[in-house]
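Q: Supplied structure: structure.pdb, PDB, C-alpha atoms.
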```pdb
MODEL        1
ATOM      1  CA  MET A  26     185.468  90.890  -0.008
ATOM      2  CA  SER A  27     185.908  91.308  -3.757
ATOM      3  CA  GLN A  28     189.151  90.169  -5.272
ATOM      4  CA  GLN A  29     191.394  93.022  -6.380
ATOM      5  CA  THR A  30     192.455  92.904 -10.007
ATOM      6  CA  PHE A  31     195.386  94.564 -11.691
ATOM      7  CA  ASP A  32     194.468  97.454 -13.992
ATOM      8  CA  PRO A  33     196.868  97.451 -16.968
ATOM      9  CA  THR A  34     195.926 101.036 -17.847
ATOM     10  CA  GLN A  35     197.085 102.518 -14.543
ATOM     11  CA  GLU A  36     200.537 101.114 -13.836
ATOM     12  CA  LEU A  37     203.091  98.646 -15.065
ATOM     13  CA  SER A  38     203.015  95.121 -13.700
ATOM     14  CA  GLU A  39     206.117  94.040 -11.790
ATOM     15  CA  GLU A  40     207.246  91.591 -14.462
ATOM     16  CA  VAL A  41     206.813  94.172 -17.204
ATOM     17  CA  GLU A  42     208.572  96.933 -15.285
ATOM     18  CA  ALA A  43     211.559  94.614 -14.804
ATOM     19  CA  ASN A  44     211.871  93.938 -18.530
ATOM     20  CA  ARG A  45     210.419  96.875 -20.461
ATOM     21  CA  GLN A  46     210.643 100.632 -20.550
ATOM     22  CA  ALA A  47     208.897 103.014 -22.929
ATOM     23  CA  ASP A  48     211.015 105.710 -24.594
ATOM     24  CA  HIS A  49     208.154 108.211 -24.392
ATOM     25  CA  PRO A  50     204.998 108.585 -22.257
ATOM     26  CA  ILE A  51     202.222 106.196 -23.319
ATOM     27  CA  ASN A  52     199.353 104.480 -21.575
ATOM     28  CA  PRO A  53     200.715 101.508 -19.584
ATOM     29  CA  LEU A  54     198.258  99.206 -21.380
ATOM     30  CA  PHE A  55     200.507  99.102 -24.440
ATOM     31  CA  VAL A  56     203.583  98.072 -22.463
ATOM     32  CA  ASN A  57     201.735  95.701 -20.121
ATOM     33  CA  ARG A  58     200.418  93.652 -23.039
ATOM     34  CA  TRP A  59     202.791  90.824 -23.853
ATOM     35  CA  SER A  60     202.487  87.252 -25.073
ATOM     36  CA  PRO A  61     202.942  84.608 -22.347
ATOM     37  CA  ARG A  62     203.075  80.923 -23.140
ATOM     38  CA  SER A  63     201.789  79.797 -19.739
ATOM     39  CA  TYR A  64     198.066  79.193 -19.298
ATOM     40  CA  SER A  65     196.044  78.188 -16.271
ATOM     41  CA  ASP A  66     193.124  75.773 -16.447
ATOM     42  CA  ARG A  67     190.686  78.554 -15.556
ATOM     43  CA  VAL A  68     187.744  78.655 -17.966
ATOM     44  CA  VAL A  69     187.285  81.786 -20.092
ATOM     45  CA  ARG A  70     183.772  83.128 -19.607
ATOM     46  CA  GLU A  71     181.690  83.319 -22.768
ATOM     47  CA  GLU A  72     180.917  86.987 -22.117
ATOM     48  CA  ASP A  73     184.632  87.786 -21.833
ATOM     49  CA  LEU A  74     185.376  85.964 -25.076
ATOM     50  CA  LEU A  75     182.634  87.914 -26.821
ATOM     51  CA  THR A  76     183.942  91.187 -25.374
ATOM     52  CA  VAL A  77     187.399  90.430 -26.779
ATOM     53  CA  LEU A  78     185.920  89.723 -30.213
ATOM     54  CA  GLU A  79     183.676  92.789 -29.983
ATOM     55  CA  ALA A  80     186.775  94.958 -29.590
ATOM     56  CA  ALA A  81     188.243  93.358 -32.717
ATOM     57  CA  ARG A  82     185.005  94.111 -34.575
ATOM     58  CA  TRP A  83     185.668  97.834 -34.173
ATOM     59  CA  ALA A  84     189.156  97.792 -35.694
ATOM     60  CA  PRO A  85     189.695 100.203 -38.602
ATOM     61  CA  SER A  86     189.427  98.768 -42.103
ATOM     62  CA  ALA A  87     189.721 100.064 -45.659
ATOM     63  CA  ARG A  88     186.321 101.008 -47.104
ATOM     64  CA  ASN A  89     184.879  99.494 -43.930
ATOM     65  CA  GLY A  90     185.320  96.116 -45.594
ATOM     66  CA  GLN A  91     185.801  94.293 -42.263
ATOM     67  CA  PRO A  92     187.532  91.299 -43.880
ATOM     68  CA  TRP A  93     188.311  89.500 -40.613
ATOM     69  CA  ARG A  94     186.652  86.279 -39.517
ATOM     70  CA  PHE A  95     187.218  84.386 -36.263
ATOM     71  CA  VAL A  96     186.978  80.596 -36.102
ATOM     72  CA  LEU A  97     186.671  79.532 -32.462
ATOM     73  CA  ALA A  98     187.798  76.417 -30.648
ATOM     74  CA  LYS A  99     186.345  76.102 -27.125
ATOM     75  CA  THR A 100     185.310  72.487 -26.662
ATOM     76  CA  GLU A 101     187.869  69.727 -26.217
ATOM     77  CA  GLU A 102     186.958  68.278 -29.620
ATOM     78  CA  GLN A 103     187.377  71.648 -31.330
ATOM     79  CA  LEU A 104     190.628  72.344 -29.494
ATOM     80  CA  GLN A 105     192.094  69.017 -30.522
ATOM     81  CA  THR A 106     191.370  69.806 -34.167
ATOM     82  CA  PHE A 107     193.186  73.127 -33.828
ATOM     83  CA  ARG A 108     196.094  71.626 -31.862
ATOM     84  CA  GLU A 109     196.774  69.153 -34.644
ATOM     85  CA  LEU A 110     197.401  72.094 -36.987
ATOM     86  CA  ILE A 111     200.190  73.517 -34.803
ATOM     87  CA  PHE A 112     203.833  72.538 -35.349
ATOM     88  CA  PRO A 113     205.266  70.406 -32.508
ATOM     89  CA  ASN A 114     207.465  73.009 -30.765
ATOM     90  CA  ASN A 115     204.533  75.344 -30.221
ATOM     91  CA  ARG A 116     202.308  72.540 -29.020
ATOM     92  CA  LEU A 117     204.584  72.218 -25.989
ATOM     93  CA  TRP A 118     202.745  75.253 -24.587
ATOM     94  CA  ALA A 119     199.745  75.889 -26.849
ATOM     95  CA  ASP A 120     198.027  72.661 -25.816
ATOM     96  CA  GLN A 121     197.329  74.250 -22.428
ATOM     97  CA  ALA A 122     195.281  77.161 -23.807
ATOM     98  CA  PRO A 123     191.531  76.904 -23.103
ATOM     99  CA  VAL A 124     190.573  78.842 -26.256
ATOM    100  CA  ILE A 125     192.178  79.016 -29.687
ATOM    101  CA  ILE A 126     191.028  81.471 -32.351
ATOM    102  CA  ALA A 127     191.879  81.170 -36.039
ATOM    103  CA  LEU A 128     192.086  84.597 -37.659
ATOM    104  CA  ALA A 129     191.114  84.541 -41.318
ATOM    105  CA  SER A 130     190.304  87.295 -43.784
ATOM    106  CA  TYR A 131     188.230  87.702 -46.926
ATOM    107  CA  LYS A 132     190.542  88.525 -49.828
ATOM    108  CA  LEU A 133     187.998  90.334 -52.031
ATOM    109  CA  TRP A 134     185.858  93.420 -52.030
ATOM    110  CA  ASP A 135     182.104  92.992 -52.285
ATOM    111  CA  ASP A 136     182.362  93.469 -56.067
ATOM    112  CA  GLY A 137     184.760  90.511 -56.344
ATOM    113  CA  GLN A 138     187.899  92.566 -56.949
ATOM    114  CA  PRO A 139     191.042  91.765 -54.893
ATOM    115  CA  ASN A 140     191.344  93.637 -51.608
ATOM    116  CA  ARG A 141     195.060  94.157 -51.048
ATOM    117  CA  PHE A 142     194.409  95.495 -47.538
ATOM    118  CA  HIS A 143     192.649  92.441 -46.128
ATOM    119  CA  ALA A 144     195.659  91.148 -44.168
ATOM    120  CA  PHE A 145     196.563  94.643 -42.939
ATOM    121  CA  ASP A 146     193.038  95.209 -41.640
ATOM    122  CA  SER A 147     192.941  91.796 -39.978
ATOM    123  CA  ALA A 148     196.200  92.615 -38.186
ATOM    124  CA  ALA A 149     194.463  95.688 -36.750
ATOM    125  CA  ALA A 150     191.681  93.419 -35.500
ATOM    126  CA  TRP A 151     194.268  91.138 -33.861
ATOM    127  CA  GLN A 152     195.806  94.129 -32.051
ATOM    128  CA  ALA A 153     192.407  95.274 -30.779
ATOM    129  CA  LEU A 154     191.611  91.737 -29.641
ATOM    130  CA  ALA A 155     194.925  91.446 -27.780
ATOM    131  CA  LEU A 156     194.564  94.790 -25.996
ATOM    132  CA  GLN A 157     190.989  94.088 -24.910
ATOM    133  CA  ALA A 158     192.064  90.696 -23.626
ATOM    134  CA  SER A 159     194.766  92.394 -21.560
ATOM    135  CA  LEU A 160     192.175  94.751 -20.081
ATOM    136  CA  LEU A 161     190.212  91.700 -18.920
ATOM    137  CA  GLY A 162     193.272  90.038 -17.395
ATOM    138  CA  LEU A 163     193.520  87.523 -20.229
ATOM    139  CA  SER A 164     196.650  86.538 -22.130
ATOM    140  CA  THR A 165     196.982  86.056 -25.874
ATOM    141  CA  ARG A 166     199.730  84.766 -28.123
ATOM    142  CA  ALA A 167     199.686  84.577 -31.913
ATOM    143  CA  ILE A 168     200.963  81.423 -33.607
ATOM    144  CA  ALA A 169     202.263  81.601 -37.156
ATOM    145  CA  SER A 170     203.930  78.174 -37.035
ATOM    146  CA  PHE A 171     201.033  76.009 -38.134
ATOM    147  CA  ASP A 172     200.065  74.127 -41.270
ATOM    148  CA  GLN A 173     198.010  76.641 -43.232
ATOM    149  CA  GLU A 174     196.875  74.228 -45.936
ATOM    150  CA  LYS A 175     195.853  71.649 -43.372
ATOM    151  CA  ALA A 176     194.007  74.408 -41.505
ATOM    152  CA  ARG A 177     192.093  75.334 -44.639
ATOM    153  CA  THR A 178     190.880  71.757 -44.982
ATOM    154  CA  ALA A 179     190.293  70.982 -41.303
ATOM    155  CA  LEU A 180     188.380  74.214 -40.680
ATOM    156  CA  ASN A 181     186.580  74.146 -44.036
ATOM    157  CA  VAL A 182     187.892  77.609 -44.980
ATOM    158  CA  PRO A 183     186.679  78.823 -48.407
ATOM    159  CA  ASP A 184     189.254  79.524 -51.129
ATOM    160  CA  ASP A 185     188.610  83.275 -51.066
ATOM    161  CA  TYR A 186     189.812  83.533 -47.452
ATOM    162  CA  ASP A 187     193.336  83.398 -46.031
ATOM    163  CA  VAL A 188     194.125  81.939 -42.611
ATOM    164  CA  HIS A 189     196.754  84.170 -40.997
ATOM    165  CA  LEU A 190     197.162  83.143 -37.367
ATOM    166  CA  LEU A 191     196.042  80.883 -34.581
ATOM    167  CA  ILE A 192     195.609  82.877 -31.378
ATOM    168  CA  THR A 193     195.705  81.263 -27.949
ATOM    169  CA  LEU A 194     193.570  82.900 -25.269
ATOM    170  CA  GLY A 195     193.308  82.253 -21.554
ATOM    171  CA  TYR A 196     194.404  83.285 -18.088
ATOM    172  CA  LYS A 197     198.125  83.399 -17.429
ATOM    173  CA  GLY A 198     199.469  80.386 -15.584
ATOM    174  CA  ASP A 199     202.511  79.733 -13.434
ATOM    175  CA  PRO A 200     205.646  80.568 -15.499
ATOM    176  CA  ASP A 201     207.359  77.547 -13.939
ATOM    177  CA  SER A 202     204.727  75.313 -15.514
ATOM    178  CA  VAL A 203     205.922  76.172 -19.038
ATOM    179  CA  HIS A 204     207.899  73.478 -20.830
ATOM    180  CA  GLU A 205     211.602  73.740 -20.035
ATOM    181  CA  ASN A 206     212.366  74.719 -23.637
ATOM    182  CA  TYR A 207     210.589  78.029 -23.051
ATOM    183  CA  ARG A 208     211.095  78.729 -19.358
ATOM    184  CA  GLU A 209     213.966  81.188 -19.812
ATOM    185  CA  VAL A 210     212.031  83.288 -22.325
ATOM    186  CA  GLU A 211     208.727  83.317 -20.416
ATOM    187  CA  LYS A 212     208.931  87.044 -19.692
ATOM    188  CA  PRO A 213     208.047  90.293 -21.476
ATOM    189  CA  ASN A 214     210.485  90.976 -24.299
ATOM    190  CA  GLY A 215     211.824  94.389 -25.245
ATOM    191  CA  ARG A 216     211.714  96.535 -28.370
ATOM    192  CA  ARG A 217     214.369  98.420 -30.299
ATOM    193  CA  SER A 218     214.447 102.148 -29.620
ATOM    194  CA  LEU A 219     211.832 104.283 -31.358
ATOM    195  CA  SER A 220     214.537 106.289 -33.111
ATOM    196  CA  GLU A 221     215.645 103.165 -34.981
ATOM    197  CA  SER A 222     212.182 102.842 -36.551
ATOM    198  CA  ILE A 223     211.714 106.472 -37.641
ATOM    199  CA  ILE A 224     212.749 107.666 -41.104
ATOM    200  CA  GLU A 225     212.329 111.396 -41.686
ATOM    201  CA  GLY A 226     211.437 112.626 -45.153
ATOM    202  CA  LYS A 227     212.770 109.708 -47.178
ATOM    203  CA  TRP A 228     214.980 106.654 -46.817
ATOM    204  CA  ALA A 229     218.665 107.522 -46.689
ATOM    205  CA  ASP A 230     221.254 105.325 -48.416
ATOM    206  CA  SER A 231     222.766 104.535 -45.028
ATOM    207  CA  GLN A 232     219.423 103.100 -43.875
ATOM    208  CA  ALA A 233     218.892 100.791 -46.839
TER     209      ALA A 233
ENDMDL
END
```
Show the structure stored in the file as structure tokens.
A:
Amino acid sequence: MSQQTFDPTQELSEEVEANRQADHPINPLFVNRWSPRSYSDRVVREEDLLTVLEAARWAPSARNGQPWRFVLAKTEEQLQTFRELIFPNNRLWADQAPVIIALASYKLWDDGQPNRFHAFDSAAAWQALALQASLLGLSTRAIASFDQEKARTALNVPDDYDVHLLITLGYKGDPDSVHENYREVEKPNGRRSLSESIIEGKWADSQA
């Protein structure tokens, strides 16, 4: 008998339904995707990792510049190098992730001129990566609290690239296994109402 898997595009998971509610009708995939800190020791299949990165490859980008680059850590040696870049509080959970991805972006156009959209485009790639991971039953969490200069050296990143994030990837583990510092927040978080993010026409003085 094949194991049944949850389809994040069809319905909300129990933990998400208990903590989140959309203001307007959207595909459940967008609400079901959240960023757990718990990871199991289950190995991520190479084909699933490549599928996640393939989705990121098709993110929109200005002039089709595709500035994103993905530096992968899969072996224990590679993972240890990446872990040493992460600030201590995040290592309390990130050390359990079986895959870590550094998201970097090329800061220039092909003609050598600055590309001011490189970070914006790379953020679109991160979103695509995260949603595809959710479709495969994988969890992701972006880490901004890491030593960027140390990362540049340790990962041999060229000067014309920026390192934006480290992304943990793996199968969700038991929430009770998370370090006690994070146990109470190991659940889907909410969002402010949509109306609070919409500005019609132009910014009013009261919204400044």
Q: Using Å and a single decimal, report how far CA of Gly215 in chain A sits from CA of Gln173 in chain A.
A: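 Rounded to one decimal, the two atoms are 28.8 Å apart.
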Q: Let me make sure I understand: among A:Asn115, A:Ser220, A:Ser65, A:Asn206, which one has the smallest atom-to-atom distance to Leu191 in chain A if we use all atoms listed in the file?
A: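 Closest to Leu191 in chain A, using all atoms listed in the file: A:Asn115.
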Q: Which residues, written as number ranges by chain, have at least one atom at most 12 Å from Pro123 in chain A, with only C-alpha atoms counted and residues fewer than 4 positions away on the same chain left out?
A: A: 63-71, 74, 97-105, 107-108, 118-119, 163-165, 192-198
Q: Please determine, counting only C-alpha atoms, which residue among A:His189, A:Arg177, A:Lys227, A:Arg45 has the shortest atom-to-atom distance to Ile126 in chain A.
A: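 Once distances to Ile126 in chain A are computed over only C-alpha atoms, the minimum belongs to A:His189.
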Q: Take CA of Ala176 in chain A and CA of Pro113 in chain A and report the distance between them in Å, one decimal.
A: 15.0 Å
Q: Quick one: of A:Ser130, A:Ser159, A:Thr76, A:Gln91, who's nearest to Pro183 in chain A, counting all atoms listed in the file?
A: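 Smallest distance to Pro183 in chain A is found for A:Ser130.
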Q: With all atoms listed in the file as the basis for distance, which of A:Arg58, A:His49, A:Lys212, A:His204 is at the shortest distance from Pro33 in chain A?
A: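 For Pro33 in chain A, the nearest of the given residues is A:Arg58.
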Q: What residues come out when you apply the PyMOL selection byres ((chain A and resi 172) around 10) to this file, written as a list in words?
A: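 Selection result, ordered by chain and number: Glu109, Leu110, Ile111, Phe112, Ala169, Ser170, Phe171, Gln173, Glu174, Lys175, Ala176, Arg177 and Val188 of chain A.
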Q: Please measure the separation of CA of Ala158 in chain A and CA of Pro213 in chain A, giving the value in Å to one decimal.
A: 16.1 Å
Q: Because the input lacks atoms here, generate all heavy atoms for range 108-119 of chain A and report them as a PDB file, keeping the file's coordinate frame.
A:
```pdb
ATOM      1  N   ARG A 108     194.759  72.007 -32.336  1.00  0.00           N
ATOM      2  CA  ARG A 108     196.094  71.626 -31.862  1.00  0.00           C
ATOM      3  C   ARG A 108     196.852  70.831 -32.918  1.00  0.00           C
ATOM      4  O   ARG A 108     198.062  70.979 -33.078  1.00  0.00           O
ATOM      5  CB  ARG A 108     195.971  70.792 -30.584  1.00  0.00           C
ATOM      6  CG  ARG A 108     195.523  71.580 -29.365  1.00  0.00           C
ATOM      7  CD  ARG A 108     195.134  70.638 -28.250  1.00  0.00           C
ATOM      8  NE  ARG A 108     194.568  71.336 -27.101  1.00  0.00           N
ATOM      9  CZ  ARG A 108     193.718  70.788 -26.243  1.00  0.00           C
ATOM     10  NH1 ARG A 108     193.339  69.511 -26.394  1.00  0.00           N
ATOM     11  NH2 ARG A 108     193.246  71.493 -25.225  1.00  0.00           N
ATOM     12  N   GLU A 109     196.130  69.997 -33.637  1.00  0.00           N
ATOM     13  CA  GLU A 109     196.774  69.153 -34.644  1.00  0.00           C
ATOM     14  C   GLU A 109     197.289  69.950 -35.839  1.00  0.00           C
ATOM     15  O   GLU A 109     198.037  69.425 -36.665  1.00  0.00           O
ATOM     16  CB  GLU A 109     195.806  68.066 -35.099  1.00  0.00           C
ATOM     17  CG  GLU A 109     195.536  67.027 -34.003  1.00  0.00           C
ATOM     18  CD  GLU A 109     194.448  66.041 -34.371  1.00  0.00           C
ATOM     19  OE1 GLU A 109     193.899  66.156 -35.501  1.00  0.00           O
ATOM     20  OE2 GLU A 109     194.136  65.164 -33.546  1.00  0.00           O
ATOM     21  N   LEU A 110     196.907  71.220 -35.923  1.00  0.00           N
ATOM     22  CA  LEU A 110     197.401  72.094 -36.987  1.00  0.00           C
ATOM     23  C   LEU A 110     198.735  72.740 -36.616  1.00  0.00           C
ATOM     24  O   LEU A 110     199.459  73.225 -37.491  1.00  0.00           O
ATOM     25  CB  LEU A 110     196.384  73.203 -37.271  1.00  0.00           C
ATOM     26  CG  LEU A 110     194.954  72.772 -37.583  1.00  0.00           C
ATOM     27  CD1 LEU A 110     194.065  73.996 -37.706  1.00  0.00           C
ATOM     28  CD2 LEU A 110     194.907  71.929 -38.845  1.00  0.00           C
ATOM     29  N   ILE A 111     199.046  72.775 -35.323  1.00  0.00           N
ATOM     30  CA  ILE A 111     200.190  73.517 -34.803  1.00  0.00           C
ATOM     31  C   ILE A 111     201.450  72.662 -34.863  1.00  0.00           C
ATOM     32  O   ILE A 111     201.420  71.476 -34.535  1.00  0.00           O
ATOM     33  CB  ILE A 111     199.909  73.973 -33.359  1.00  0.00           C
ATOM     34  CG1 ILE A 111     198.664  74.873 -33.322  1.00  0.00           C
ATOM     35  CG2 ILE A 111     201.105  74.701 -32.766  1.00  0.00           C
ATOM     36  CD1 ILE A 111     198.180  75.192 -31.913  1.00  0.00           C
ATOM     37  N   PHE A 112     202.566  73.267 -35.280  1.00  0.00           N
ATOM     38  CA  PHE A 112     203.833  72.538 -35.349  1.00  0.00           C
ATOM     39  C   PHE A 112     204.285  72.144 -33.941  1.00  0.00           C
ATOM     40  O   PHE A 112     203.979  72.838 -32.953  1.00  0.00           O
ATOM     41  CB  PHE A 112     204.886  73.377 -36.051  1.00  0.00           C
ATOM     42  CG  PHE A 112     204.578  73.647 -37.507  1.00  0.00           C
ATOM     43  CD1 PHE A 112     205.119  74.746 -38.156  1.00  0.00           C
ATOM     44  CD2 PHE A 112     203.747  72.805 -38.227  1.00  0.00           C
ATOM     45  CE1 PHE A 112     204.843  74.989 -39.493  1.00  0.00           C
ATOM     46  CE2 PHE A 112     203.463  73.036 -39.559  1.00  0.00           C
ATOM     47  CZ  PHE A 112     204.009  74.133 -40.199  1.00  0.00           C
ATOM     48  N   PRO A 113     204.995  71.024 -33.816  1.00  0.00           N
ATOM     49  CA  PRO A 113     205.266  70.406 -32.508  1.00  0.00           C
ATOM     50  C   PRO A 113     205.864  71.311 -31.439  1.00  0.00           C
ATOM     51  O   PRO A 113     205.445  71.269 -30.284  1.00  0.00           O
ATOM     52  CB  PRO A 113     206.233  69.268 -32.862  1.00  0.00           C
ATOM     53  CG  PRO A 113     205.862  68.897 -34.260  1.00  0.00           C
ATOM     54  CD  PRO A 113     205.494  70.184 -34.928  1.00  0.00           C
ATOM     55  N   ASN A 114     206.832  72.165 -31.788  1.00  0.00           N
ATOM     56  CA  ASN A 114     207.465  73.009 -30.765  1.00  0.00           C
ATOM     57  C   ASN A 114     206.472  73.924 -30.071  1.00  0.00           C
ATOM     58  O   ASN A 114     206.542  74.143 -28.862  1.00  0.00           O
ATOM     59  CB  ASN A 114     208.597  73.842 -31.375  1.00  0.00           C
ATOM     60  CG  ASN A 114     209.866  73.033 -31.553  1.00  0.00           C
ATOM     61  OD1 ASN A 114     209.995  71.933 -31.013  1.00  0.00           O
ATOM     62  ND2 ASN A 114     210.802  73.561 -32.328  1.00  0.00           N
ATOM     63  N   ASN A 115     205.527  74.464 -30.830  1.00  0.00           N
ATOM     64  CA  ASN A 115     204.533  75.344 -30.221  1.00  0.00           C
ATOM     65  C   ASN A 115     203.467  74.585 -29.441  1.00  0.00           C
ATOM     66  O   ASN A 115     202.833  75.136 -28.539  1.00  0.00           O
ATOM     67  CB  ASN A 115     203.876  76.229 -31.279  1.00  0.00           C
ATOM     68  CG  ASN A 115     204.745  77.414 -31.644  1.00  0.00           C
ATOM     69  OD1 ASN A 115     205.485  77.939 -30.822  1.00  0.00           O
ATOM     70  ND2 ASN A 115     204.672  77.839 -32.896  1.00  0.00           N
ATOM     71  N   ARG A 116     203.282  73.330 -29.774  1.00  0.00           N
ATOM     72  CA  ARG A 116     202.308  72.540 -29.020  1.00  0.00           C
ATOM     73  C   ARG A 116     202.775  72.288 -27.586  1.00  0.00           C
ATOM     74  O   ARG A 116     201.955  71.981 -26.717  1.00  0.00           O
ATOM     75  CB  ARG A 116     202.039  71.212 -29.726  1.00  0.00           C
ATOM     76  CG  ARG A 116     201.202  71.372 -30.988  1.00  0.00           C
ATOM     77  CD  ARG A 116     200.544  70.075 -31.381  1.00  0.00           C
ATOM     78  NE  ARG A 116     199.638  69.579 -30.339  1.00  0.00           N
ATOM     79  CZ  ARG A 116     198.918  68.466 -30.464  1.00  0.00           C
ATOM     80  NH1 ARG A 116     199.021  67.733 -31.560  1.00  0.00           N
ATOM     81  NH2 ARG A 116     198.116  68.070 -29.491  1.00  0.00           N
ATOM     82  N   LEU A 117     204.057  72.426 -27.340  1.00  0.00           N
ATOM     83  CA  LEU A 117     204.584  72.218 -25.989  1.00  0.00           C
ATOM     84  C   LEU A 117     203.922  73.166 -24.991  1.00  0.00           C
ATOM     85  O   LEU A 117     203.854  72.872 -23.803  1.00  0.00           O
ATOM     86  CB  LEU A 117     206.105  72.413 -25.969  1.00  0.00           C
ATOM     87  CG  LEU A 117     206.925  71.395 -26.779  1.00  0.00           C
ATOM     88  CD1 LEU A 117     208.394  71.774 -26.762  1.00  0.00           C
ATOM     89  CD2 LEU A 117     206.721  69.988 -26.216  1.00  0.00           C
ATOM     90  N   TRP A 118     203.447  74.314 -25.477  1.00  0.00           N
ATOM     91  CA  TRP A 118     202.745  75.253 -24.587  1.00  0.00           C
ATOM     92  C   TRP A 118     201.304  75.517 -25.042  1.00  0.00           C
ATOM     93  O   TRP A 118     200.415  75.696 -24.214  1.00  0.00           O
ATOM     94  CB  TRP A 118     203.511  76.577 -24.491  1.00  0.00           C
ATOM     95  CG  TRP A 118     203.732  77.266 -25.810  1.00  0.00           C
ATOM     96  CD1 TRP A 118     204.812  77.145 -26.628  1.00  0.00           C
ATOM     97  CD2 TRP A 118     202.836  78.170 -26.468  1.00  0.00           C
ATOM     98  NE1 TRP A 118     204.652  77.916 -27.758  1.00  0.00           N
ATOM     99  CE2 TRP A 118     203.454  78.566 -27.682  1.00  0.00           C
ATOM    100  CE3 TRP A 118     201.591  78.698 -26.148  1.00  0.00           C
ATOM    101  CZ2 TRP A 118     202.852  79.455 -28.572  1.00  0.00           C
ATOM    102  CZ3 TRP A 118     200.987  79.592 -27.030  1.00  0.00           C
ATOM    103  CH2 TRP A 118     201.627  79.956 -28.230  1.00  0.00           C
ATOM    104  N   ALA A 119     201.063  75.517 -26.346  1.00  0.00           N
ATOM    105  CA  ALA A 119     199.745  75.889 -26.849  1.00  0.00           C
ATOM    106  C   ALA A 119     198.654  74.897 -26.456  1.00  0.00           C
ATOM    107  O   ALA A 119     197.472  75.265 -26.372  1.00  0.00           O
ATOM    108  CB  ALA A 119     199.785  76.042 -28.368  1.00  0.00           C
TER     109      ALA A 119
END
```
